[in-house]
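Enquirer: Below you'll find the structure I mean.
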Amino acid sequence: MGPLMKYAMKPMLETGLSSLKEYAEKQPKPANVRIIDTKPISGLAIYDSARVEDIGSLLEKNYGKLMSYIMKHSYPMSGAPLAVYHNWDPKGYIRISAVIPLHGKFKGKGDIKSFNIESGKAVFLEHFGGYDNGDSHWAIEDYIKDFNIETKDFIWQEYITDPAAEPDTAKWQTNIYYPIK
């Protein structure tokens, strides 16, 4: 390529590289799926069920009920709220436990029950974005399949970011755990 051709091509190459950089920066970050050691979790929970479209309102209602009970009894919280999914049926009902982790073990009353998850290993991913985190679950399931991992019959999500305190959904962090048998 002669000097004249290099001179003529330079602006086009710079524009192309700039567009490529802009495109790449807008793409979601690749999933960082990994295996971690989990600590035991104790808390109080409400076991319930809902259709996919009603999960958000069900969890909101049950977290409110749990928080009222916990505050009334001055129980010490130990972490972010969890949702434990006992099954996944997008055409039917999904069984869910809304859980508030606590320091120590406490008894509930009525539909508020004591809850425990034992320590162990889990396939784990930090998801950033709204609660429509299906792609993150697909990434975890691909990892499980690729490495022939046998998981338990439930998963849990830990809601690190309070949506009331952070309006930007891109900053919402949800930790997703698939416990290993």
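In the structure tokens, chains take letters A, B, ... by order of appearance, with residues numbered from 1 within each chain and ligands from 1 in the order shown.
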Residues of region 1-177 of chain A in strand (DSSP E or B) according to DSSP, as number ranges by chain?

Expert: A: 34-38, 41-50, 77, 82-85, 94-102, 112-117, 120-128, 151, 155-159, 173-177

Enquirer: Would you kindly return, as a list in words, each protein, DNA or RNA residue with an atom no farther than 6 Å from any atom of region 38-48 of chain A, considering only C-alpha atoms and excluding same-chain residues fewer than 5 positions away?

Expert: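 Here the answer would be Arg95, Ile96, Ser97, Ala98, Val99, Ile100, Pro101, Leu102, Asp111, Ile112, Lys113, Ser114, Phe115, Asn116, Ile117, Glu118, Ser119, Gly120 and Lys121 of chain A.
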
Enquirer: Near Ser49 (chain A), within 12 Å and counting only C-alpha atoms, which residues show up once chain neighbours fewer than 2 positions away are dropped, as a PyMOL selection string?

Expert: chain A and resi 46-47+51-59+62+83-89+92-98

Enquirer: Now that the selection is made, can you save its residues with N, CA and C atoms as a short mmCIF file (atom, residue, chain, number, x, y, z; two decimals), in the first residue's frame?

Expert:
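Writing done, so here's result_26.cif:
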```cif
data_model
loop_
_atom_site.label_atom_id
_atom_site.label_comp_id
_atom_site.auth_asym_id
_atom_site.auth_seq_id
_atom_site.Cartn_x
_atom_site.Cartn_y
_atom_site.Cartn_z
N ILE A 46 -41.05 -16.80 54.58
CA ILE A 46 -42.44 -17.09 54.24
C ILE A 46 -42.40 -17.88 52.94
N TYR A 47 -42.95 -19.10 53.00
CA TYR A 47 -43.01 -19.98 51.85
C TYR A 47 -44.32 -19.71 51.13
N ARG A 51 -47.28 -17.11 40.02
CA ARG A 51 -46.93 -17.20 38.60
C ARG A 51 -45.77 -16.24 38.35
N VAL A 52 -45.05 -16.44 37.27
CA VAL A 52 -43.87 -15.62 36.97
C VAL A 52 -44.18 -14.13 37.06
N GLU A 53 -45.28 -13.71 36.46
CA GLU A 53 -45.60 -12.28 36.40
C GLU A 53 -45.96 -11.69 37.77
N ASP A 54 -46.21 -12.54 38.76
CA ASP A 54 -46.59 -12.06 40.09
C ASP A 54 -45.49 -12.19 41.15
N ILE A 55 -44.32 -12.67 40.76
CA ILE A 55 -43.24 -12.90 41.72
C ILE A 55 -42.85 -11.61 42.44
N GLY A 56 -42.66 -10.53 41.70
CA GLY A 56 -42.23 -9.27 42.31
C GLY A 56 -43.18 -8.78 43.39
N SER A 57 -44.47 -8.77 43.09
CA SER A 57 -45.44 -8.28 44.08
C SER A 57 -45.55 -9.23 45.27
N LEU A 58 -45.43 -10.54 45.01
CA LEU A 58 -45.48 -11.51 46.11
C LEU A 58 -44.28 -11.32 47.05
N LEU A 59 -43.08 -11.19 46.49
CA LEU A 59 -41.90 -10.99 47.32
C LEU A 59 -41.98 -9.68 48.10
N ASN A 62 -44.33 -10.23 51.01
CA ASN A 62 -43.78 -11.11 52.04
C ASN A 62 -42.56 -10.51 52.74
N ALA A 83 -34.38 -14.72 47.93
CA ALA A 83 -35.53 -15.45 47.41
C ALA A 83 -35.02 -16.84 47.06
N VAL A 84 -35.62 -17.85 47.67
CA VAL A 84 -35.24 -19.23 47.39
C VAL A 84 -36.30 -19.81 46.47
N TYR A 85 -35.85 -20.26 45.31
CA TYR A 85 -36.75 -20.82 44.31
C TYR A 85 -36.68 -22.34 44.42
N HIS A 86 -37.81 -22.96 44.78
CA HIS A 86 -37.86 -24.40 44.99
C HIS A 86 -38.20 -25.14 43.70
N ASN A 87 -38.67 -24.44 42.71
CA ASN A 87 -38.93 -25.01 41.38
C ASN A 87 -39.00 -23.85 40.39
N TRP A 88 -39.05 -24.18 39.10
CA TRP A 88 -39.23 -23.14 38.08
C TRP A 88 -40.18 -23.69 37.03
N ASP A 89 -41.37 -23.12 36.96
CA ASP A 89 -42.39 -23.54 36.01
C ASP A 89 -42.99 -22.29 35.38
N GLY A 92 -46.70 -22.34 34.99
CA GLY A 92 -47.51 -22.66 36.16
C GLY A 92 -47.09 -21.83 37.35
N TYR A 93 -47.10 -22.47 38.50
CA TYR A 93 -46.75 -21.77 39.74
C TYR A 93 -45.33 -22.10 40.17
N ILE A 94 -44.66 -21.08 40.69
CA ILE A 94 -43.30 -21.21 41.18
C ILE A 94 -43.35 -21.12 42.70
N ARG A 95 -42.74 -22.09 43.36
CA ARG A 95 -42.70 -22.09 44.83
C ARG A 95 -41.48 -21.29 45.28
N ILE A 96 -41.72 -20.30 46.14
CA ILE A 96 -40.68 -19.35 46.54
C ILE A 96 -40.72 -19.14 48.05
N SER A 97 -39.53 -19.05 48.63
CA SER A 97 -39.42 -18.60 50.02
C SER A 97 -38.78 -17.22 50.02
N ALA A 98 -39.47 -16.25 50.59
CA ALA A 98 -38.88 -14.92 50.84
C ALA A 98 -38.17 -15.05 52.18
#
```

Enquirer: If you measure from CA of Trp138 (chain A) to CA of Leu125 (chain A), what distance in Å do you get, rounded to one decimal?

Expert: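 CA of Leu125 (chain A) lies at a distance of 11.0 Å from CA of Trp138 (chain A).
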
Enquirer: List every residue of region 106-163 of chain A that DSSP, applied to the backbone of this structure, places in alpha helix (DSSP H), and write the result as an MDAnalysis selection string.

Expert: chainID A and resid 134:146

Enquirer: With only C-alpha atoms as the counted atoms, please give the residues lying no more than 7 Å from His103 (chain A), apart from itself and same-chain residues fewer than 3 positions off, as a PyMOL selection string.

Expert: chain A and resi 76-78

Enquirer: Residues near region 160-175 of chain A, anyone? I mean within 6 Å using only C-alpha atoms, not counting same-chain ones fewer than 6 positions away, as a PyMOL selection string.

Expert: chain A and resi 80+125-130

Enquirer: What is the CA of Lys61 (chain A) to CA of Pro81 (chain A) distance in Å?

Expert: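 For CA of Lys61 (chain A) relative to CA of Pro81 (chain A), the distance reads 12.8 Å.
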
Enquirer: Rounded to one decimal place, report the CA of Ile35 (chain A)-CA of Thr151 (chain A) distance in Å.

Expert: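 Computing it gives 11.6 Å between the two atoms.
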
Enquirer: So that I can check the surroundings of Glu141 (chain A), please list as a PyMOL selection string every protein, DNA and RNA residue that reaches within 12 Å of it, counting only C-alpha atoms and ignoring chain neighbours fewer than 2 positions away.

Expert: chain A and resi 31+33-34+123-125+134-139+143-151+155+176-178
